[in-house]
Amino acid sequence: MRSLFLIALILFATATWGNEAQIRRALEPKLGGAKIEGVGPAPVSGLWEVRVRSEKGGVRVLYADPTGTYVIDGSIYELRTNRDLTEERTRKLNAIKFESLPFDQAVKVQRGDGRRVLAMFSDPYCPYCVQFERTLQQVNDITIYVFMYPVIRPQNADHSKAVWCAPDRVKAWLDLAIHHRPPSVSASCDNPVEKNLRLGQSLGVNSTPTLILANGERVSAGLSAKDLAEVLDEVAKSKKR
C-alpha cells in the first residue's frame, strides 16, 4: 500500500513539474518583464494558479490551462459562500509584517477606543480615496495610520507635507483628504512624505487607497463601512487565537 502511495506521489509531482515548466515557457515571455514566482493547482479543477511578481514588487494571480495556451485574468468566486477566492489569495501572497511599518511616518487618526486597527496608503487627490475617507467616518472604535502617498498629482505633494507641519495633523489631513482644503501653514518642516513614497514603492503599492490590515494582508478599499468593520473585527479575533 505504501509503495502505491509513493508511486502516486511521484507521478503527481512529475505531472505538476511538467505543467509548471510548460506554463512558464508559454507565459513568461508574454508578461513584459514580470516574473512567474510560482505555479500550482487552482481552486477550480483543470486550472492552474500562476503567481506573477511585477517589477514594482507586488504579486498578482492569473489562471492558465495545463498547457499555458489559455490565460484568465480575473477573479474566481465561490458562490456558495459568496467569497472572492482570488482576492483572498492575493491578500495572503502580498501580506507583510504589520508591526514592521514605520508608524512614526503616519498620521494617526483614532476614533472611539481605537481597537480596530489598519494602515492606509492614501493620496488626497485620488477620487477613490475621498470616497473611502467618507466611509471611514462611519466606522467607530478605529485607529488608522495614514501614510500620505501623493502620487496622483505629485505637483501638489506640498499639500501633504503641509499636513505634517500643521498643529493638528488629523484635522489638516481630513480637511485635505475629504474637502481638498490644503493647510495654510508652510510645508517647510521636516516631514516623512518622501520616505512614504519610497516605502510604498518598496512594498509594491501601485494604487490608492491601499489598506494593510493588522495581520499584514492587503485589502481593496472598495468596502462598505459594515464590511470593513467586519473584516477588522475578524482580523482582531484571529490575532488573539
# chains A, B, ... in the order shown; residues from 1 in each chain; ligands from 1
call {"tool": "residues_around", "arguments": {"residues": "Pro66 in chain A", "least_positions_apart": "4", "cutoff": "7 Å", "atoms": "only C-alpha atoms", "output": "PyMOL selection string"}}
result
chain A and resi 19+23+47-48
call {"tool": "residues_around", "arguments": {"residues": "range 186-190 of chain A", "least_positions_apart": "2", "cutoff": "6 Å", "atoms": "only C-alpha atoms", "output": "ChimeraX atom specification"}}
result
/A:158,161-162,165
call {"tool": "atom_distance", "arguments": {"atom1": "CA of Ala26 in chain A", "atom2": "CA of Thr69 in chain A"}}
result
7.1 Å
call {"tool": "residues_around", "arguments": {"residues": "Glu133 in chain A", "least_positions_apart": "2", "cutoff": "12 Å", "atoms": "only C-alpha atoms", "output": "MDAnalysis selection string"}}
result
chainID A and resid 109 120:131 135:139 144 146 173:180 208:209 211 221:225
call {"tool": "residues_around", "arguments": {"residues": "Gly46 in chain A", "least_positions_apart": "4", "cutoff": "12 Å", "atoms": "only C-alpha atoms", "output": "MDAnalysis selection string"}}
result
chainID A and resid 19 40:42 63:68 70
call {"tool": "select_by_dssp", "arguments": {"residues": "range 14-208 of chain A", "states": "strand (DSSP E)", "output": "PyMOL selection string"}}
result
chain A and resi 35-41+48-53+59-64+71-72+77-78+83-84+107-111+116-122+142-148
call {"tool": "closest_residue", "arguments": {"among": "A:Ser75, A:Ser54, A:Asn196, A:Gln22", "to": "Leu101 in chain A", "atoms": "only C-alpha atoms"}}
result
A:Asn196
call {"tool": "select_by_dssp", "arguments": {"residues": "range 185-241 of chain A", "states": "alpha helix (DSSP H)", "output": "VMD selection string"}}
result
chain A and resid 193 to 202 225 to 240
